[in-house]
file input_26.cif (mmCIF, N, CA, C and O atoms)
data_structure
loop_
_atom_site.label_atom_id
_atom_site.label_comp_id
_atom_site.auth_asym_id
_atom_site.auth_seq_id
_atom_site.Cartn_x
_atom_site.Cartn_y
_atom_site.Cartn_z
N MET P 231 10.20 -4.74 4.21
CA MET P 231 10.24 -4.13 2.90
C MET P 231 9.61 -2.74 2.98
O MET P 231 8.55 -2.56 3.57
N ALA P 232 10.26 -1.79 2.42
CA ALA P 232 9.74 -0.43 2.40
C ALA P 232 8.52 -0.34 1.48
O ALA P 232 8.36 -1.14 0.55
N MET P 233 7.66 0.63 1.75
CA MET P 233 6.49 0.83 0.89
C MET P 233 6.96 1.24 -0.50
O MET P 233 7.86 2.07 -0.64
N ASN P 234 6.34 0.67 -1.52
CA ASN P 234 6.74 0.95 -2.89
C ASN P 234 5.49 1.02 -3.77
O ASN P 234 4.78 0.02 -3.92
N GLY P 235 5.22 2.19 -4.33
CA GLY P 235 4.04 2.38 -5.15
C GLY P 235 4.02 1.54 -6.41
O GLY P 235 2.96 1.06 -6.83
N ASP P 236 5.19 1.35 -7.03
CA ASP P 236 5.23 0.54 -8.25
C ASP P 236 4.90 -0.92 -7.95
O ASP P 236 4.16 -1.57 -8.70
N VAL P 237 5.44 -1.45 -6.85
CA VAL P 237 5.16 -2.83 -6.47
C VAL P 237 3.67 -2.99 -6.13
O VAL P 237 3.02 -3.94 -6.56
N LEU P 238 3.13 -2.04 -5.38
CA LEU P 238 1.71 -2.08 -5.03
C LEU P 238 0.84 -1.97 -6.28
O LEU P 238 -0.13 -2.72 -6.44
N GLY P 239 1.17 -1.06 -7.18
CA GLY P 239 0.41 -0.89 -8.41
C GLY P 239 0.40 -2.13 -9.27
O GLY P 239 -0.64 -2.53 -9.82
N THR P 240 1.54 -2.80 -9.37
CA THR P 240 1.62 -4.04 -10.13
C THR P 240 0.78 -5.12 -9.48
O THR P 240 0.07 -5.88 -10.16
N ALA P 241 0.81 -5.20 -8.15
CA ALA P 241 0.01 -6.20 -7.44
C ALA P 241 -1.48 -5.97 -7.67
O ALA P 241 -2.24 -6.93 -7.87
N ILE P 242 -1.91 -4.72 -7.66
CA ILE P 242 -3.32 -4.41 -7.91
C ILE P 242 -3.69 -4.78 -9.34
O ILE P 242 -4.73 -5.41 -9.59
N ALA P 243 -2.85 -4.41 -10.30
CA ALA P 243 -3.12 -4.75 -11.70
C ALA P 243 -3.19 -6.26 -11.88
O ALA P 243 -4.05 -6.77 -12.62
N ASN P 244 -2.32 -7.01 -11.20
CA ASN P 244 -2.33 -8.47 -11.29
C ASN P 244 -3.62 -9.06 -10.74
O ASN P 244 -4.07 -10.11 -11.18
N ALA P 245 -4.21 -8.38 -9.75
CA ALA P 245 -5.47 -8.85 -9.18
C ALA P 245 -6.65 -8.60 -10.12
O ALA P 245 -7.66 -9.29 -10.05
N ILE P 246 -6.49 -7.61 -10.99
CA ILE P 246 -7.57 -7.24 -11.90
C ILE P 246 -7.44 -7.92 -13.25
O ILE P 246 -8.42 -8.40 -13.81
N VAL P 247 -6.22 -7.95 -13.79
CA VAL P 247 -5.95 -8.50 -15.12
C VAL P 247 -4.97 -9.66 -14.97
O VAL P 247 -4.01 -9.56 -14.21
N ASP P 248 -5.19 -10.72 -15.71
CA ASP P 248 -4.30 -11.88 -15.67
C ASP P 248 -2.85 -11.43 -15.87
O ASP P 248 -2.54 -10.79 -16.87
N PRO P 249 -1.97 -11.75 -14.90
CA PRO P 249 -0.56 -11.32 -15.01
C PRO P 249 0.15 -11.82 -16.26
O PRO P 249 1.10 -11.21 -16.71
N SER P 250 -0.32 -12.93 -16.84
CA SER P 250 0.33 -13.45 -18.04
C SER P 250 -0.19 -12.77 -19.31
O SER P 250 0.34 -13.00 -20.39
N ALA P 251 -1.21 -11.92 -19.17
CA ALA P 251 -1.74 -11.21 -20.33
C ALA P 251 -0.72 -10.18 -20.81
O ALA P 251 0.10 -9.69 -20.04
N SER P 252 -0.79 -9.88 -22.07
CA SER P 252 0.10 -8.86 -22.62
C SER P 252 -0.73 -7.92 -23.47
O SER P 252 -1.91 -8.14 -23.71
N GLY P 253 -0.11 -6.88 -23.92
CA GLY P 253 -0.80 -5.94 -24.80
C GLY P 253 -0.98 -4.59 -24.15
O GLY P 253 -0.65 -4.36 -22.98
N GLU P 254 -1.56 -3.69 -24.93
CA GLU P 254 -1.70 -2.31 -24.50
C GLU P 254 -2.66 -2.18 -23.31
O GLU P 254 -2.43 -1.39 -22.40
N GLY P 255 -3.72 -2.96 -23.29
CA GLY P 255 -4.68 -2.89 -22.20
C GLY P 255 -4.05 -3.24 -20.87
O GLY P 255 -4.27 -2.58 -19.85
N ARG P 256 -3.27 -4.31 -20.87
CA ARG P 256 -2.58 -4.74 -19.64
C ARG P 256 -1.60 -3.65 -19.20
O ARG P 256 -1.54 -3.30 -18.02
N ALA P 257 -0.84 -3.11 -20.12
CA ALA P 257 0.15 -2.08 -19.80
C ALA P 257 -0.52 -0.82 -19.27
O ALA P 257 -0.03 -0.21 -18.30
N GLN P 258 -1.65 -0.44 -19.85
CA GLN P 258 -2.37 0.74 -19.39
C GLN P 258 -2.94 0.53 -17.99
O GLN P 258 -2.90 1.43 -17.15
N CYS P 259 -3.47 -0.65 -17.74
CA CYS P 259 -4.01 -0.97 -16.42
C CYS P 259 -2.91 -0.88 -15.37
O CYS P 259 -3.10 -0.26 -14.31
N GLU P 260 -1.76 -1.45 -15.65
CA GLU P 260 -0.66 -1.42 -14.69
C GLU P 260 -0.16 0.00 -14.47
O GLU P 260 0.07 0.41 -13.33
N ALA P 261 -0.01 0.76 -15.53
CA ALA P 261 0.46 2.15 -15.40
C ALA P 261 -0.53 2.98 -14.58
O ALA P 261 -0.13 3.79 -13.73
N PHE P 262 -1.83 2.77 -14.82
CA PHE P 262 -2.87 3.48 -14.08
C PHE P 262 -2.77 3.20 -12.59
O PHE P 262 -2.76 4.11 -11.77
N TRP P 263 -2.66 1.92 -12.22
CA TRP P 263 -2.61 1.56 -10.80
C TRP P 263 -1.30 1.93 -10.15
O TRP P 263 -1.24 2.23 -8.95
N LYS P 264 -0.20 1.95 -10.90
CA LYS P 264 1.07 2.40 -10.34
C LYS P 264 0.98 3.87 -9.96
O LYS P 264 1.49 4.28 -8.90
N LYS P 265 0.34 4.68 -10.80
CA LYS P 265 0.19 6.11 -10.49
C LYS P 265 -0.62 6.29 -9.21
O LYS P 265 -0.24 7.07 -8.33
N ILE P 266 -1.74 5.59 -9.12
CA ILE P 266 -2.58 5.71 -7.93
C ILE P 266 -1.83 5.21 -6.69
O ILE P 266 -1.85 5.85 -5.63
N ALA P 267 -1.18 4.07 -6.81
CA ALA P 267 -0.46 3.48 -5.67
C ALA P 267 0.66 4.40 -5.19
O ALA P 267 0.89 4.54 -3.98
N ASN P 268 1.37 5.03 -6.11
CA ASN P 268 2.44 5.95 -5.70
C ASN P 268 1.89 7.15 -4.95
O ASN P 268 2.51 7.61 -3.98
N VAL P 269 0.73 7.65 -5.34
CA VAL P 269 0.10 8.75 -4.61
C VAL P 269 -0.28 8.30 -3.20
O VAL P 269 -0.07 9.02 -2.22
N ILE P 270 -0.83 7.10 -3.09
CA ILE P 270 -1.21 6.56 -1.78
C ILE P 270 0.02 6.40 -0.89
O ILE P 270 0.01 6.80 0.28
N VAL P 271 1.07 5.81 -1.42
CA VAL P 271 2.29 5.60 -0.64
C VAL P 271 2.86 6.94 -0.17
O VAL P 271 3.22 7.10 1.00
N LEU P 272 2.94 7.91 -1.06
CA LEU P 272 3.46 9.23 -0.66
C LEU P 272 2.58 9.87 0.41
O LEU P 272 3.10 10.48 1.36
N HIS P 273 1.28 9.72 0.28
CA HIS P 273 0.38 10.29 1.28
C HIS P 273 0.63 9.65 2.65
O HIS P 273 0.70 10.35 3.67
N VAL P 274 0.74 8.33 2.69
CA VAL P 274 0.98 7.63 3.95
C VAL P 274 2.33 8.05 4.53
O VAL P 274 2.45 8.36 5.72
N GLN P 275 3.36 8.09 3.69
CA GLN P 275 4.69 8.45 4.18
C GLN P 275 4.72 9.89 4.71
O GLN P 275 5.39 10.17 5.70
N ASP P 276 3.99 10.79 4.07
CA ASP P 276 3.99 12.19 4.50
C ASP P 276 3.10 12.46 5.70
O ASP P 276 3.32 13.43 6.42
N ASN P 277 2.09 11.63 5.93
CA ASN P 277 1.09 11.96 6.94
C ASN P 277 0.94 10.96 8.08
O ASN P 277 0.19 11.22 9.01
N ALA P 278 1.63 9.84 8.01
CA ALA P 278 1.48 8.82 9.06
C ALA P 278 2.12 9.29 10.36
O ALA P 278 3.11 10.03 10.35
N GLU P 279 1.54 8.87 11.45
CA GLU P 279 2.11 9.15 12.77
C GLU P 279 2.38 7.82 13.45
O GLU P 279 1.53 6.93 13.43
N VAL P 280 3.55 7.69 14.02
CA VAL P 280 3.89 6.49 14.78
C VAL P 280 3.64 6.82 16.24
O VAL P 280 4.21 7.76 16.79
N LEU P 281 2.73 6.06 16.84
CA LEU P 281 2.36 6.33 18.22
C LEU P 281 2.99 5.30 19.15
O LEU P 281 2.84 4.10 18.94
N PRO P 282 3.69 5.75 20.18
CA PRO P 282 4.30 4.81 21.12
C PRO P 282 3.24 4.18 22.01
O PRO P 282 2.16 4.72 22.21
N GLY P 283 3.56 3.01 22.53
CA GLY P 283 2.70 2.39 23.51
C GLY P 283 1.59 1.51 22.96
O GLY P 283 0.75 1.06 23.71
N ILE P 284 1.57 1.29 21.67
CA ILE P 284 0.55 0.42 21.10
C ILE P 284 1.13 -0.99 21.02
O ILE P 284 2.17 -1.22 20.39
N PRO P 285 0.48 -1.96 21.69
CA PRO P 285 1.03 -3.32 21.69
C PRO P 285 1.00 -3.94 20.30
O PRO P 285 0.05 -3.76 19.54
N VAL P 286 2.07 -4.66 19.98
CA VAL P 286 2.20 -5.32 18.69
C VAL P 286 2.58 -6.77 18.95
O VAL P 286 3.44 -7.05 19.77
N GLU P 287 1.93 -7.68 18.24
CA GLU P 287 2.27 -9.09 18.39
C GLU P 287 3.30 -9.49 17.34
O GLU P 287 3.34 -8.93 16.26
N GLY P 288 4.10 -10.49 17.67
CA GLY P 288 5.08 -11.00 16.70
C GLY P 288 6.45 -10.41 16.92
O GLY P 288 6.74 -9.76 17.93
N ASP P 289 7.33 -10.62 15.95
CA ASP P 289 8.69 -10.10 16.01
C ASP P 289 8.68 -8.60 15.81
O ASP P 289 8.17 -8.09 14.82
N VAL P 290 9.24 -7.90 16.75
CA VAL P 290 9.26 -6.44 16.70
C VAL P 290 10.70 -5.97 16.85
O VAL P 290 11.43 -6.43 17.72
N THR P 291 11.10 -5.05 16.00
CA THR P 291 12.41 -4.43 16.10
C THR P 291 12.23 -3.07 16.75
O THR P 291 11.44 -2.26 16.28
N THR P 292 12.93 -2.83 17.82
CA THR P 292 12.80 -1.55 18.50
C THR P 292 13.64 -0.51 17.78
O THR P 292 14.60 -0.82 17.09
N GLY P 293 13.26 0.74 17.95
CA GLY P 293 14.01 1.82 17.33
C GLY P 293 13.29 3.13 17.52
O GLY P 293 12.46 3.27 18.42
N THR P 294 13.55 4.08 16.65
CA THR P 294 12.99 5.42 16.79
C THR P 294 11.56 5.52 16.26
O THR P 294 10.90 6.51 16.49
N GLY P 295 11.09 4.54 15.54
CA GLY P 295 9.74 4.56 15.03
C GLY P 295 9.60 5.31 13.71
O GLY P 295 8.52 5.72 13.34
N ALA P 296 10.68 5.52 13.01
CA ALA P 296 10.63 6.24 11.74
C ALA P 296 9.98 5.39 10.66
O ALA P 296 10.21 4.19 10.59
N ILE P 297 9.15 6.02 9.83
CA ILE P 297 8.58 5.34 8.67
C ILE P 297 9.42 5.70 7.47
O ILE P 297 9.72 6.85 7.24
N ARG P 298 9.78 4.70 6.72
CA ARG P 298 10.61 4.96 5.54
C ARG P 298 9.85 4.59 4.31
O ARG P 298 9.11 3.74 4.22
#
call {"tool": "encode", "arguments": {"input": "input_26.cif", "output": "structure tokens"}}
result
Amino acid sequence: MAMNGDVLGTAIANAIVDPSASGEGRAQCEAFWKKIANVIVLHVQDNAEVLPGIPVEGDVTTGTGAIR
């Protein structure tokens, strides 16, 4: 799954506020964390470096090493 700031922001809000809660407070919390998460995702996507030769355990797909 590609990195997604909205998905990350919702997950953070769910960890802070009961996901079944409703109302303006819940909506503001989620909007706040979505904004922060999108900035984090963009920063990682713009600045991450993929380094060859680092061992990885588990199922690995080979390729060019591009981050999307």
call {"tool": "atom_distance", "arguments": {"input": "input_26.cif", "atom1": "CA of Ser250 in chain P", "atom2": "CA of Asn234 in chain P"}}
result
21.9 Å
call {"tool": "resolve_selection", "arguments": {"input": "input_26.cif", "expression": "the PyMOL selection byres ((chain P and resi 265-273) around 7)", "output": "ChimeraX atom specification"}}
result
/P:233-236,238-239,259-264,274-278
call {"tool": "axis_aligned_box", "arguments": {"input": "input_26.cif", "around": "range 246-258 of chain P", "padding_each_side": "6 Å", "output": "JSON"}}
result
{"center_x": -3.7, "center_y": -6.0, "center_z": -18.0, "size_x": 21.5, "size_y": 26.9, "size_z": 25.9}
call {"tool": "atom_distance", "arguments": {"input": "input_26.cif", "atom1": "atom C of Ala232 in chain P", "atom2": "atom C of Leu281 in chain P"}}
result
19.4 Å
call {"tool": "atom_distance", "arguments": {"input": "input_26.cif", "atom1": "atom O of Val237 in chain P", "atom2": "CA of Pro249 in chain P"}}
result
11.8 Å
call {"tool": "select_by_dssp", "arguments": {"input": "input_26.cif", "residues": "chain P", "states": "alpha helix (DSSP H)", "output": "VMD selection string"}}
result
chain P and resid 235 to 246 254 to 277
call {"tool": "decode", "arguments": {"input": "input_26.cif", "residues": "range 235-298 of chain P", "atoms": "C-alpha atoms", "output": "CSV table (one decimal), in the first residue's frame"}}
result
chain,number,residue,atom,x,y,z
P,235,GLY,CA,-1.6,11.0,4.7
P,236,ASP,CA,-5.3,10.9,5.0
P,237,VAL,CA,-5.3,7.2,6.0
P,238,LEU,CA,-2.5,7.8,8.5
P,239,GLY,CA,-4.2,10.9,9.9
P,240,THR,CA,-7.5,8.9,10.4
P,241,ALA,CA,-5.5,6.2,12.1
P,242,ILE,CA,-3.9,8.6,14.5
P,243,ALA,CA,-7.3,10.3,15.3
P,244,ASN,CA,-8.8,6.9,15.9
P,245,ALA,CA,-6.0,6.2,18.5
P,246,ILE,CA,-6.8,9.4,20.3
P,247,VAL,CA,-10.6,9.7,20.0
P,248,ASP,CA,-13.1,6.8,20.0
P,249,PRO,CA,-13.7,6.1,16.3
P,250,SER,CA,-17.4,5.7,16.9
P,251,ALA,CA,-17.6,9.2,18.4
P,252,SER,CA,-19.2,11.9,16.3
P,253,GLY,CA,-19.4,15.7,16.4
P,254,GLU,CA,-17.3,18.7,15.7
P,255,GLY,CA,-14.5,17.7,18.1
P,256,ARG,CA,-14.0,14.4,16.4
P,257,ALA,CA,-14.0,16.0,13.0
P,258,GLN,CA,-11.6,18.7,14.1
P,259,CYS,CA,-9.2,16.1,15.6
P,260,GLU,CA,-9.2,14.0,12.4
P,261,ALA,CA,-8.7,17.0,10.1
P,262,PHE,CA,-5.8,18.2,12.3
P,263,TRP,CA,-4.0,14.9,12.2
P,264,LYS,CA,-4.7,14.5,8.4
P,265,LYS,CA,-2.9,17.8,7.8
P,266,ILE,CA,0.1,16.8,9.9
P,267,ALA,CA,0.2,13.2,8.4
P,268,ASN,CA,0.1,14.6,4.8
P,269,VAL,CA,3.1,16.9,5.6
P,270,ILE,CA,5.0,13.9,7.0
P,271,VAL,CA,4.2,11.7,4.0
P,272,LEU,CA,5.3,14.4,1.6
P,273,HIS,CA,8.5,15.0,3.5
P,274,VAL,CA,9.3,11.2,3.5
P,275,GLN,CA,8.5,10.9,-0.2
P,276,ASP,CA,10.6,14.0,-1.1
P,277,ASN,CA,13.6,13.2,1.0
P,278,ALA,CA,13.8,9.4,1.5
P,279,GLU,CA,16.8,7.6,0.0
P,280,VAL,CA,16.7,3.9,-1.0
P,281,LEU,CA,20.0,2.4,-0.3
P,282,PRO,CA,21.0,-0.9,-2.0
P,283,GLY,CA,22.6,-3.7,-0.1
P,284,ILE,CA,20.6,-3.6,3.1
P,285,PRO,CA,19.3,-7.0,4.0
P,286,VAL,CA,15.6,-7.4,4.4
P,287,GLU,CA,13.7,-10.3,5.8
P,288,GLY,CA,10.4,-11.7,4.4
P,289,ASP,CA,8.9,-11.4,1.0
P,290,VAL,CA,10.8,-8.9,-1.1
P,291,THR,CA,9.9,-7.7,-4.6
P,292,THR,CA,13.0,-6.7,-6.6
P,293,GLY,CA,13.0,-3.6,-8.7
P,294,THR,CA,14.4,-0.1,-9.1
P,295,GLY,CA,13.8,0.9,-5.5
P,296,ALA,CA,11.5,3.8,-6.3
P,297,ILE,CA,9.4,5.1,-3.4
P,298,ARG,CA,5.9,6.0,-4.4
